[in-house]
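Written below as structure tokens is the structure these notes are about.
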Amino acid sequence: MGIVDKNVKSLPFVQAELNYLAPTTEKPRTYAFAPPPGEPQSTLTSQPHLVPIFDVRPIVDGLSLDRQGFVLARHKTAVRDFADDEEIARVYYPEAEAFLRTTLKADRVFIFDHTVRKRIPGSADVRGVGPRQPATRVHVDQTDASGRNRVREHLPDEADRLLKGRVQVINLWRPIRGPLRDAPLAMCDATTVAPDDLVASDLIYPNRRGEIYAVTFNPTHRWFYAPDMDVDEVLLLKCYDSATDGRTRFGPHTAFTDPTTPVDAPPRESIELRTLVFHFDGHAD
Ligand code: OGA
Ligand code: FE
């Protein structure tokens with residue numbers, strides 16, 4: 001059951017098309033760079049569904065990462081120029097690490113990468129060619145296998161010990177130009193997602209293979225977004241949790257085209273950090 005349905009139905013909403021995965025029998029795969037000759041860039045087939053996406057602001061206090069799989073929080077950043085990778089590493093990484101450690105009461109937070117996106121109308125999201133574009137397929141960044149693998153990949157010497165405790169992959173998502181009215185992010189209330197809706201899909205890089213979940217449509221899904229996000233607001237998105245005690249482990253999300261976006265709204269600019277969040281004793285509140 002999602003966030004008390006009676007309340008949800010009274011929230012303001014927009015209607016938008018979200019790109020789900022068309023049901024498939026073969027494991028989908030996508031090349032992050034040019035595919036080998038004769039292979040398609042991706043075997044994922046999109047199936048758009050028009051759904052209501054509810055304004056989450058009136059109910060933000062009721063959200064939790066362990067249920068809905070996302071929360072909205074306030075956090076000011078001292079970064080002046082998100083085009084400057086050196087400043088991101090020097091200023092944003094430490095401040096985000098401290099913020100997440102405190103907010104999540106974590107023993108340790110390790111940031112493993114970041115992505116800056118700048119929408120260029122009419123551009124496709126091709127890695128290595130221009131800025132990254134909003135991600136317009138419903139997905140979860142990790143799977144059961146790849147979430148755990150992230151610890152081995154990024155902290156190989158400590159992985160055995162760290163994997164005895166609880167580990168989560170949490171994304172920290174922020175507009176870097178606000179208020180954000182173009183190509184916002186939609187989050188699915190993870191309590192409305194059935195395990196069978198998540199379809200493990202390969203993401204193939206030149207030197208490694210990642211795995212994400214694509215998501216098939218289910219009419220139970222309830223979608224939310226935070227209208228007009230500002231630069232001192234962040235979304236925390238759960239992409240993996242090692243806990244198997246009933247907490248949410250995987251939070252689907254996607255960018256979407258909001259039909260109510262003013263025509264003169266500046267194109268979206270955002271940054272997302274992907275992090276490993278550790279609780280050494282295995283539990284957390
Ligand atoms: C993410 C994500 C997509 C976007 O932060 O994990 O999927 O368009 N972002 O910002
Ligand atoms: Fe994502």
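Following the order of the structure tokens, chains are lettered A, B, ..., residues in each are numbered from 1, and ligands are numbered from 1.
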
Stretch 94-108 of chain A: which residues within 12 Å, counting only C-alpha atoms, same-chain residues fewer than 3 positions away excluded, as a PDB file with N, CA, C and O atoms, in the first residue's frame?
```pdb
ATOM      1  N   SER A  64       9.960   8.306   3.778  1.00  0.00           N
ATOM      2  CA  SER A  64      11.197   7.740   4.332  1.00  0.00           C
ATOM      3  C   SER A  64      11.901   6.921   3.260  1.00  0.00           C
ATOM      4  O   SER A  64      11.267   6.331   2.374  1.00  0.00           O
ATOM      5  N   LEU A  65      13.225   6.892   3.352  1.00  0.00           N
ATOM      6  CA  LEU A  65      14.005   6.114   2.390  1.00  0.00           C
ATOM      7  C   LEU A  65      13.680   4.629   2.507  1.00  0.00           C
ATOM      8  O   LEU A  65      13.734   3.899   1.517  1.00  0.00           O
ATOM      9  N   ASP A  66      13.342   4.183   3.709  1.00  0.00           N
ATOM     10  CA  ASP A  66      13.096   2.757   3.915  1.00  0.00           C
ATOM     11  C   ASP A  66      11.700   2.320   3.489  1.00  0.00           C
ATOM     12  O   ASP A  66      11.413   1.124   3.466  1.00  0.00           O
ATOM     13  N   VAL A  71      13.523  10.788  -0.283  1.00  0.00           N
ATOM     14  CA  VAL A  71      13.120  11.905   0.573  1.00  0.00           C
ATOM     15  C   VAL A  71      13.608  13.194  -0.069  1.00  0.00           C
ATOM     16  O   VAL A  71      14.526  13.193  -0.902  1.00  0.00           O
ATOM     17  N   LEU A  72      12.973  14.291   0.345  1.00  0.00           N
ATOM     18  CA  LEU A  72      13.360  15.630  -0.099  1.00  0.00           C
ATOM     19  C   LEU A  72      13.924  16.340   1.126  1.00  0.00           C
ATOM     20  O   LEU A  72      13.328  16.265   2.204  1.00  0.00           O
ATOM     21  N   ALA A  73      15.077  16.992   0.963  1.00  0.00           N
ATOM     22  CA  ALA A  73      15.677  17.662   2.118  1.00  0.00           C
ATOM     23  C   ALA A  73      16.253  19.008   1.683  1.00  0.00           C
ATOM     24  O   ALA A  73      16.375  19.284   0.492  1.00  0.00           O
ATOM     25  N   ARG A  74      16.587  19.834   2.679  1.00  0.00           N
ATOM     26  CA  ARG A  74      17.250  21.115   2.411  1.00  0.00           C
ATOM     27  C   ARG A  74      18.730  20.962   2.650  1.00  0.00           C
ATOM     28  O   ARG A  74      19.136  20.345   3.637  1.00  0.00           O
ATOM     29  N   HIS A  75      19.518  21.466   1.760  1.00  0.00           N
ATOM     30  CA  HIS A  75      20.960  21.457   1.981  1.00  0.00           C
ATOM     31  C   HIS A  75      21.600  22.520   1.108  1.00  0.00           C
ATOM     32  O   HIS A  75      21.495  22.471  -0.121  1.00  0.00           O
ATOM     33  N   LYS A  76      22.241  23.481   1.750  1.00  0.00           N
ATOM     34  CA  LYS A  76      22.926  24.541   0.995  1.00  0.00           C
ATOM     35  C   LYS A  76      24.307  24.049   0.604  1.00  0.00           C
ATOM     36  O   LYS A  76      24.966  23.367   1.384  1.00  0.00           O
ATOM     37  N   THR A  77      24.715  24.425  -0.577  1.00  0.00           N
ATOM     38  CA  THR A  77      26.067  24.069  -1.000  1.00  0.00           C
ATOM     39  C   THR A  77      26.893  25.335  -1.172  1.00  0.00           C
ATOM     40  O   THR A  77      26.366  26.383  -1.541  1.00  0.00           O
ATOM     41  N   ALA A  78      28.199  25.220  -0.902  1.00  0.00           N
ATOM     42  CA  ALA A  78      29.110  26.351  -1.090  1.00  0.00           C
ATOM     43  C   ALA A  78      29.708  26.364  -2.498  1.00  0.00           C
ATOM     44  O   ALA A  78      30.472  27.264  -2.849  1.00  0.00           O
ATOM     45  N   VAL A  79      29.350  25.357  -3.303  1.00  0.00           N
ATOM     46  CA  VAL A  79      29.928  25.288  -4.660  1.00  0.00           C
ATOM     47  C   VAL A  79      29.434  26.457  -5.494  1.00  0.00           C
ATOM     48  O   VAL A  79      28.246  26.777  -5.494  1.00  0.00           O
ATOM     49  N   GLU A  87      36.419  21.840  -8.315  1.00  0.00           N
ATOM     50  CA  GLU A  87      35.637  22.409  -7.202  1.00  0.00           C
ATOM     51  C   GLU A  87      34.623  21.387  -6.677  1.00  0.00           C
ATOM     52  O   GLU A  87      34.376  21.313  -5.467  1.00  0.00           O
ATOM     53  N   ILE A  88      34.072  20.586  -7.563  1.00  0.00           N
ATOM     54  CA  ILE A  88      33.146  19.534  -7.119  1.00  0.00           C
ATOM     55  C   ILE A  88      33.862  18.574  -6.178  1.00  0.00           C
ATOM     56  O   ILE A  88      33.371  18.248  -5.100  1.00  0.00           O
ATOM     57  N   ALA A  89      35.079  18.168  -6.570  1.00  0.00           N
ATOM     58  CA  ALA A  89      35.836  17.225  -5.735  1.00  0.00           C
ATOM     59  C   ALA A  89      36.265  17.877  -4.420  1.00  0.00           C
ATOM     60  O   ALA A  89      36.202  17.249  -3.360  1.00  0.00           O
ATOM     61  N   ARG A  90      36.667  19.132  -4.477  1.00  0.00           N
ATOM     62  CA  ARG A  90      37.231  19.793  -3.299  1.00  0.00           C
ATOM     63  C   ARG A  90      36.148  20.278  -2.341  1.00  0.00           C
ATOM     64  O   ARG A  90      36.308  20.197  -1.132  1.00  0.00           O
ATOM     65  N   VAL A  91      35.015  20.755  -2.902  1.00  0.00           N
ATOM     66  CA  VAL A  91      33.991  21.369  -2.043  1.00  0.00           C
ATOM     67  C   VAL A  91      32.754  20.477  -1.906  1.00  0.00           C
ATOM     68  O   VAL A  91      32.272  20.229  -0.800  1.00  0.00           O
ATOM     69  N   ILE A 111      31.630   8.433  -1.627  1.00  0.00           N
ATOM     70  CA  ILE A 111      31.059   8.912  -2.890  1.00  0.00           C
ATOM     71  C   ILE A 111      31.829   8.272  -4.039  1.00  0.00           C
ATOM     72  O   ILE A 111      33.055   8.398  -4.100  1.00  0.00           O
ATOM     73  N   PHE A 112      31.139   7.549  -4.925  1.00  0.00           N
ATOM     74  CA  PHE A 112      31.902   6.871  -5.980  1.00  0.00           C
ATOM     75  C   PHE A 112      31.819   7.521  -7.347  1.00  0.00           C
ATOM     76  O   PHE A 112      32.669   7.255  -8.196  1.00  0.00           O
ATOM     77  N   HIS A 114      29.956  11.113  -9.853  1.00  0.00           N
ATOM     78  CA  HIS A 114      28.931  12.141  -9.997  1.00  0.00           C
ATOM     79  C   HIS A 114      28.648  12.382 -11.471  1.00  0.00           C
ATOM     80  O   HIS A 114      29.480  12.065 -12.333  1.00  0.00           O
ATOM     81  N   LEU A 162      33.271  -4.599   5.274  1.00  0.00           N
ATOM     82  CA  LEU A 162      32.134  -3.695   5.090  1.00  0.00           C
ATOM     83  C   LEU A 162      30.856  -4.449   4.741  1.00  0.00           C
ATOM     84  O   LEU A 162      29.759  -4.055   5.134  1.00  0.00           O
ATOM     85  N   GLY A 165      28.279  -5.596   7.407  1.00  0.00           N
ATOM     86  CA  GLY A 165      27.279  -4.651   7.912  1.00  0.00           C
ATOM     87  C   GLY A 165      26.254  -4.349   6.828  1.00  0.00           C
ATOM     88  O   GLY A 165      26.135  -5.067   5.842  1.00  0.00           O
ATOM     89  N   ARG A 166      25.545  -3.251   7.021  1.00  0.00           N
ATOM     90  CA  ARG A 166      24.535  -2.863   6.039  1.00  0.00           C
ATOM     91  C   ARG A 166      25.143  -1.846   5.083  1.00  0.00           C
ATOM     92  O   ARG A 166      25.819  -0.913   5.507  1.00  0.00           O
ATOM     93  N   VAL A 167      24.869  -2.026   3.805  1.00  0.00           N
ATOM     94  CA  VAL A 167      25.305  -1.035   2.825  1.00  0.00           C
ATOM     95  C   VAL A 167      24.129  -0.631   1.939  1.00  0.00           C
ATOM     96  O   VAL A 167      23.311  -1.462   1.563  1.00  0.00           O
ATOM     97  N   GLN A 168      24.060   0.660   1.680  1.00  0.00           N
ATOM     98  CA  GLN A 168      23.062   1.179   0.749  1.00  0.00           C
ATOM     99  C   GLN A 168      23.770   1.977  -0.344  1.00  0.00           C
ATOM    100  O   GLN A 168      24.840   2.537  -0.106  1.00  0.00           O
ATOM    101  N   VAL A 169      23.163   2.034  -1.508  1.00  0.00           N
ATOM    102  CA  VAL A 169      23.572   3.003  -2.520  1.00  0.00           C
ATOM    103  C   VAL A 169      22.509   4.100  -2.517  1.00  0.00           C
ATOM    104  O   VAL A 169      21.325   3.824  -2.764  1.00  0.00           O
ATOM    105  N   ILE A 170      22.945   5.306  -2.169  1.00  0.00           N
ATOM    106  CA  ILE A 170      22.030   6.453  -2.114  1.00  0.00           C
ATOM    107  C   ILE A 170      22.535   7.512  -3.081  1.00  0.00           C
ATOM    108  O   ILE A 170      23.718   7.877  -3.046  1.00  0.00           O
ATOM    109  N   ASN A 171      21.640   7.993  -3.946  1.00  0.00           N
ATOM    110  CA  ASN A 171      21.982   9.108  -4.837  1.00  0.00           C
ATOM    111  C   ASN A 171      21.538  10.410  -4.195  1.00  0.00           C
ATOM    112  O   ASN A 171      20.460  10.475  -3.605  1.00  0.00           O
ATOM    113  N   LEU A 172      22.356  11.415  -4.353  1.00  0.00           N
ATOM    114  CA  LEU A 172      22.013  12.766  -3.891  1.00  0.00           C
ATOM    115  C   LEU A 172      21.855  13.627  -5.141  1.00  0.00           C
ATOM    116  O   LEU A 172      22.828  13.859  -5.857  1.00  0.00           O
ATOM    117  N   TRP A 173      20.635  14.059  -5.380  1.00  0.00           N
ATOM    118  CA  TRP A 173      20.285  14.735  -6.633  1.00  0.00           C
ATOM    119  C   TRP A 173      19.898  16.184  -6.353  1.00  0.00           C
ATOM    120  O   TRP A 173      19.085  16.437  -5.459  1.00  0.00           O
ATOM    121  N   ARG A 174      20.452  17.116  -7.142  1.00  0.00           N
ATOM    122  CA  ARG A 174      20.190  18.533  -6.866  1.00  0.00           C
ATOM    123  C   ARG A 174      20.141  19.335  -8.175  1.00  0.00           C
ATOM    124  O   ARG A 174      20.985  19.134  -9.055  1.00  0.00           O
ATOM    125  N   VAL A 234      17.571  19.054  -2.071  1.00  0.00           N
ATOM    126  CA  VAL A 234      18.125  17.820  -2.636  1.00  0.00           C
ATOM    127  C   VAL A 234      17.125  16.687  -2.499  1.00  0.00           C
ATOM    128  O   VAL A 234      16.304  16.672  -1.584  1.00  0.00           O
ATOM    129  N   LEU A 235      17.228  15.767  -3.434  1.00  0.00           N
ATOM    130  CA  LEU A 235      16.499  14.502  -3.309  1.00  0.00           C
ATOM    131  C   LEU A 235      17.501  13.429  -2.940  1.00  0.00           C
ATOM    132  O   LEU A 235      18.614  13.393  -3.482  1.00  0.00           O
ATOM    133  N   LEU A 236      17.126  12.563  -2.027  1.00  0.00           N
ATOM    134  CA  LEU A 236      17.911  11.363  -1.738  1.00  0.00           C
ATOM    135  C   LEU A 236      17.140  10.190  -2.331  1.00  0.00           C
ATOM    136  O   LEU A 236      15.934  10.049  -2.074  1.00  0.00           O
ATOM    137  N   LEU A 237      17.827   9.407  -3.160  1.00  0.00           N
ATOM    138  CA  LEU A 237      17.165   8.299  -3.851  1.00  0.00           C
ATOM    139  C   LEU A 237      17.837   7.000  -3.456  1.00  0.00           C
ATOM    140  O   LEU A 237      19.062   6.857  -3.607  1.00  0.00           O
ATOM    141  N   LYS A 238      17.051   6.046  -2.984  1.00  0.00           N
ATOM    142  CA  LYS A 238      17.669   4.763  -2.645  1.00  0.00           C
ATOM    143  C   LYS A 238      17.744   3.874  -3.884  1.00  0.00           C
ATOM    144  O   LYS A 238      16.740   3.601  -4.534  1.00  0.00           O
ATOM    145  N   ILE A 271      22.967  18.001 -10.748  1.00  0.00           N
ATOM    146  CA  ILE A 271      24.097  17.126 -10.426  1.00  0.00           C
ATOM    147  C   ILE A 271      23.593  16.003  -9.545  1.00  0.00           C
ATOM    148  O   ILE A 271      22.757  16.229  -8.661  1.00  0.00           O
ATOM    149  N   GLU A 272      24.065  14.798  -9.802  1.00  0.00           N
ATOM    150  CA  GLU A 272      23.769  13.682  -8.909  1.00  0.00           C
ATOM    151  C   GLU A 272      25.078  13.036  -8.460  1.00  0.00           C
ATOM    152  O   GLU A 272      26.008  12.897  -9.251  1.00  0.00           O
ATOM    153  N   LEU A 273      25.117  12.731  -7.180  1.00  0.00           N
ATOM    154  CA  LEU A 273      26.252  12.014  -6.595  1.00  0.00           C
ATOM    155  C   LEU A 273      25.773  10.630  -6.275  1.00  0.00           C
ATOM    156  O   LEU A 273      24.664  10.467  -5.771  1.00  0.00           O
ATOM    157  N   ARG A 274      26.597   9.630  -6.497  1.00  0.00           N
ATOM    158  CA  ARG A 274      26.226   8.267  -6.114  1.00  0.00           C
ATOM    159  C   ARG A 274      27.148   7.824  -4.984  1.00  0.00           C
ATOM    160  O   ARG A 274      28.367   7.997  -5.066  1.00  0.00           O
ATOM    161  N   THR A 275      26.564   7.292  -3.958  1.00  0.00           N
ATOM    162  CA  THR A 275      27.320   7.049  -2.730  1.00  0.00           C
ATOM    163  C   THR A 275      27.020   5.681  -2.143  1.00  0.00           C
ATOM    164  O   THR A 275      25.927   5.136  -2.321  1.00  0.00           O
ATOM    165  N   LEU A 276      28.024   5.156  -1.443  1.00  0.00           N
ATOM    166  CA  LEU A 276      27.841   3.961  -0.615  1.00  0.00           C
ATOM    167  C   LEU A 276      27.672   4.433   0.820  1.00  0.00           C
ATOM    168  O   LEU A 276      28.487   5.213   1.315  1.00  0.00           O
ATOM    169  N   VAL A 277      26.622   3.970   1.464  1.00  0.00           N
ATOM    170  CA  VAL A 277      26.303   4.393   2.835  1.00  0.00           C
ATOM    171  C   VAL A 277      26.369   3.167   3.740  1.00  0.00           C
ATOM    172  O   VAL A 277      25.642   2.189   3.520  1.00  0.00           O
ATOM    173  N   PHE A 278      27.247   3.237   4.731  1.00  0.00           N
ATOM    174  CA  PHE A 278      27.492   2.059   5.585  1.00  0.00           C
ATOM    175  C   PHE A 278      26.966   2.245   6.999  1.00  0.00           C
ATOM    176  O   PHE A 278      27.131   3.321   7.591  1.00  0.00           O
ATOM    177  N   HIS A 279      26.375   1.187   7.522  1.00  0.00           N
ATOM    178  CA  HIS A 279      26.065   1.082   8.948  1.00  0.00           C
ATOM    179  C   HIS A 279      26.760  -0.182   9.435  1.00  0.00           C
ATOM    180  O   HIS A 279      26.362  -1.292   9.071  1.00  0.00           O
ATOM    181  N   PHE A 280      27.804  -0.013  10.227  1.00  0.00           N
ATOM    182  CA  PHE A 280      28.686  -1.134  10.546  1.00  0.00           C
ATOM    183  C   PHE A 280      27.990  -2.231  11.350  1.00  0.00           C
ATOM    184  O   PHE A 280      28.288  -3.401  11.202  1.00  0.00           O
ATOM    185  N   ASP A 281      27.048  -1.822  12.218  1.00  0.00           N
ATOM    186  CA  ASP A 281      26.398  -2.855  13.038  1.00  0.00           C
ATOM    187  C   ASP A 281      25.192  -3.462  12.325  1.00  0.00           C
ATOM    188  O   ASP A 281      24.449  -4.238  12.904  1.00  0.00           O
ATOM    189  N   GLY A 282      24.992  -3.101  11.105  1.00  0.00           N
ATOM    190  CA  GLY A 282      23.960  -3.755  10.316  1.00  0.00           C
ATOM    191  C   GLY A 282      22.605  -3.111  10.375  1.00  0.00           C
ATOM    192  O   GLY A 282      21.810  -3.252   9.475  1.00  0.00           O
ATOM    193  N   HIS A 283      22.320  -2.359  11.421  1.00  0.00           N
ATOM    194  CA  HIS A 283      20.985  -1.769  11.471  1.00  0.00           C
ATOM    195  C   HIS A 283      21.087  -0.258  11.419  1.00  0.00           C
ATOM    196  O   HIS A 283      22.152   0.334  11.574  1.00  0.00           O
ATOM    197  N   ALA A 284      19.983   0.376  11.196  1.00  0.00           N
ATOM    198  CA  ALA A 284      19.919   1.836  11.191  1.00  0.00           C
ATOM    199  C   ALA A 284      18.472   2.197  11.411  1.00  0.00           C
ATOM    200  O   ALA A 284      17.595   1.366  11.208  1.00  0.00           O
ATOM    201  N   ASP A 285      18.227   3.441  11.834  1.00  0.00           N
ATOM    202  CA  ASP A 285      16.809   3.773  11.979  1.00  0.00           C
ATOM    203  C   ASP A 285      16.310   4.493  10.750  1.00  0.00           C
ATOM    204  O   ASP A 285      16.960   4.491   9.720  1.00  0.00           O
TER     205      ASP A 285
END
```

Within stretch 71-129 of chain A, find each residue whose DSSP state, derived from the backbone, is strand (DSSP E or B), and express the selection as a CSV table (one decimal) with N, CA and C atoms, in the first residue's frame.
```
chain,number,residue,atom,x,y,z
A,71,VAL,N,13.5,10.8,-0.3
A,71,VAL,CA,13.1,11.9,0.6
A,71,VAL,C,13.6,13.2,-0.1
A,72,LEU,N,13.0,14.3,0.3
A,72,LEU,CA,13.4,15.6,-0.1
A,72,LEU,C,13.9,16.3,1.1
A,73,ALA,N,15.1,17.0,1.0
A,73,ALA,CA,15.7,17.7,2.1
A,73,ALA,C,16.3,19.0,1.7
A,74,ARG,N,16.6,19.8,2.7
A,74,ARG,CA,17.3,21.1,2.4
A,74,ARG,C,18.7,21.0,2.7
A,108,ARG,N,29.7,5.6,7.8
A,108,ARG,CA,30.6,6.0,6.7
A,108,ARG,C,29.9,6.2,5.4
A,109,VAL,N,30.3,7.2,4.7
A,109,VAL,CA,29.7,7.5,3.4
A,109,VAL,C,30.9,7.6,2.4
A,110,PHE,N,30.8,6.9,1.3
A,110,PHE,CA,31.8,6.9,0.3
A,110,PHE,C,31.2,7.3,-1.1
A,111,ILE,N,31.6,8.4,-1.6
A,111,ILE,CA,31.1,8.9,-2.9
A,111,ILE,C,31.8,8.3,-4.0
A,112,PHE,N,31.1,7.5,-4.9
A,112,PHE,CA,31.9,6.9,-6.0
A,112,PHE,C,31.8,7.5,-7.3
A,113,ASP,N,30.8,8.4,-7.6
A,113,ASP,CA,30.9,9.2,-8.8
A,113,ASP,C,29.9,10.3,-8.8
A,114,HIS,N,30.0,11.1,-9.9
A,114,HIS,CA,28.9,12.1,-10.0
A,114,HIS,C,28.6,12.4,-11.5
A,115,THR,N,27.5,12.9,-11.7
A,115,THR,CA,27.1,13.2,-13.1
A,115,THR,C,26.4,14.6,-13.1
A,116,VAL,N,26.9,15.5,-14.0
A,116,VAL,CA,26.3,16.7,-14.2
A,116,VAL,C,25.5,16.6,-15.5
A,117,ARG,N,24.2,17.0,-15.4
A,117,ARG,CA,23.3,17.0,-16.6
A,117,ARG,C,22.9,18.4,-17.0
A,118,LYS,N,22.9,18.7,-18.3
A,118,LYS,CA,22.4,19.9,-18.8
A,118,LYS,C,21.6,19.6,-20.0
```

How would you write, as a short mmCIF file (atom, residue, chain, number, x, y, z; two decimals) with all heavy atoms, in the first residue's frame, the set of residues no farther than 8 Å from ligand 2 when counting only C-alpha atoms and all ligand atoms?
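Writing done, so here's out_11.cif:
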```cif
data_model
loop_
_atom_site.label_atom_id
_atom_site.label_comp_id
_atom_site.auth_asym_id
_atom_site.auth_seq_id
_atom_site.Cartn_x
_atom_site.Cartn_y
_atom_site.Cartn_z
N ALA A 135 17.72 11.40 -17.82
CA ALA A 135 17.50 9.96 -18.07
C ALA A 135 16.00 9.72 -18.16
O ALA A 135 15.27 9.85 -17.18
CB ALA A 135 18.10 9.15 -16.93
N HIS A 139 13.95 3.57 -14.17
CA HIS A 139 15.06 2.67 -13.85
C HIS A 139 15.41 2.75 -12.37
O HIS A 139 15.01 3.69 -11.67
CB HIS A 139 16.30 3.04 -14.67
CG HIS A 139 16.91 4.34 -14.24
ND1 HIS A 139 16.44 5.57 -14.66
CD2 HIS A 139 17.93 4.63 -13.38
CE1 HIS A 139 17.15 6.53 -14.10
NE2 HIS A 139 18.06 5.98 -13.30
N VAL A 140 16.19 1.78 -11.93
CA VAL A 140 16.90 1.86 -10.64
C VAL A 140 18.37 1.71 -11.00
O VAL A 140 18.73 0.82 -11.78
CB VAL A 140 16.48 0.71 -9.68
CG1 VAL A 140 17.20 0.86 -8.35
CG2 VAL A 140 14.97 0.67 -9.50
N ASP A 141 19.24 2.54 -10.40
CA ASP A 141 20.66 2.56 -10.82
C ASP A 141 21.42 1.27 -10.53
O ASP A 141 22.46 1.03 -11.15
CB ASP A 141 21.41 3.70 -10.12
CG ASP A 141 20.93 5.06 -10.58
OD1 ASP A 141 19.72 5.22 -10.79
OD2 ASP A 141 21.77 5.96 -10.72
N ASN A 171 21.64 7.99 -3.95
CA ASN A 171 21.98 9.11 -4.84
C ASN A 171 21.54 10.41 -4.19
O ASN A 171 20.46 10.48 -3.60
CB ASN A 171 21.25 8.99 -6.18
CG ASN A 171 21.82 7.90 -7.05
OD1 ASN A 171 22.61 7.08 -6.59
ND2 ASN A 171 21.41 7.88 -8.31
N CYS A 239 18.97 3.43 -4.19
CA CYS A 239 19.17 2.59 -5.38
C CYS A 239 19.56 1.16 -5.03
O CYS A 239 19.61 0.29 -5.89
CB CYS A 239 20.23 3.21 -6.28
SG CYS A 239 19.67 4.77 -6.99
N PRO A 252 12.64 3.11 -8.01
CA PRO A 252 12.60 3.52 -9.41
C PRO A 252 12.39 5.03 -9.56
O PRO A 252 11.70 5.66 -8.75
CB PRO A 252 11.40 2.78 -10.00
CG PRO A 252 11.11 1.67 -9.03
CD PRO A 252 11.50 2.21 -7.69
N HIS A 253 13.01 5.60 -10.59
CA HIS A 253 12.86 7.03 -10.87
C HIS A 253 13.14 7.28 -12.34
O HIS A 253 13.68 6.41 -13.03
CB HIS A 253 13.78 7.86 -9.97
CG HIS A 253 15.21 7.40 -10.02
ND1 HIS A 253 15.74 6.50 -9.14
CD2 HIS A 253 16.22 7.71 -10.87
CE1 HIS A 253 17.01 6.28 -9.44
NE2 HIS A 253 17.33 7.00 -10.49
N THR A 254 12.79 8.45 -12.81
CA THR A 254 13.05 8.84 -14.20
C THR A 254 12.83 10.33 -14.36
O THR A 254 12.04 10.92 -13.60
CB THR A 254 12.09 8.11 -15.17
OG1 THR A 254 12.37 8.53 -16.52
CG2 THR A 254 10.63 8.40 -14.90
#
```

- request: Please provide as a VMD selection string all residues within 7 Å of A:Ala214, with the sequence filter that same-chain residues fewer than 6 positions apart are discarded (counting only C-alpha atoms).
  value: chain A and resid 21 138 to 140 198 to 201

task: Could you give me, as a list of chain:residue names, the residues within 8 Å of A:Pro179, counting only C-alpha atoms and dropping anything in the same chain fewer than 4 positions from it?
output: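 Within the cut-off, the hits are A:Pro175, A:Asp228, A:Met229, A:Asp230, A:Val231.
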
With N, CA and C atoms retained, write the just-selected residues as an mmCIF file, in the first residue's frame.
```cif
data_model
loop_
_atom_site.group_PDB
_atom_site.id
_atom_site.type_symbol
_atom_site.label_atom_id
_atom_site.label_comp_id
_atom_site.auth_asym_id
_atom_site.auth_seq_id
_atom_site.Cartn_x
_atom_site.Cartn_y
_atom_site.Cartn_z
ATOM 1 N N PRO A 175 19.182 20.269 -8.274
ATOM 2 C CA PRO A 175 19.243 21.195 -9.406
ATOM 3 C C PRO A 175 20.427 22.123 -9.182
ATOM 4 N N ASP A 228 9.305 22.839 -8.879
ATOM 5 C CA ASP A 228 10.091 24.055 -8.630
ATOM 6 C C ASP A 228 11.232 23.836 -7.633
ATOM 7 N N MET A 229 11.933 22.741 -7.765
ATOM 8 C CA MET A 229 13.053 22.520 -6.831
ATOM 9 C C MET A 229 14.087 23.620 -6.953
ATOM 10 N N ASP A 230 14.635 24.020 -5.824
ATOM 11 C CA ASP A 230 15.656 25.057 -5.824
ATOM 12 C C ASP A 230 17.034 24.466 -5.567
ATOM 13 N N VAL A 231 18.048 25.312 -5.709
ATOM 14 C CA VAL A 231 19.422 24.806 -5.605
ATOM 15 C C VAL A 231 19.809 24.423 -4.179
#
```
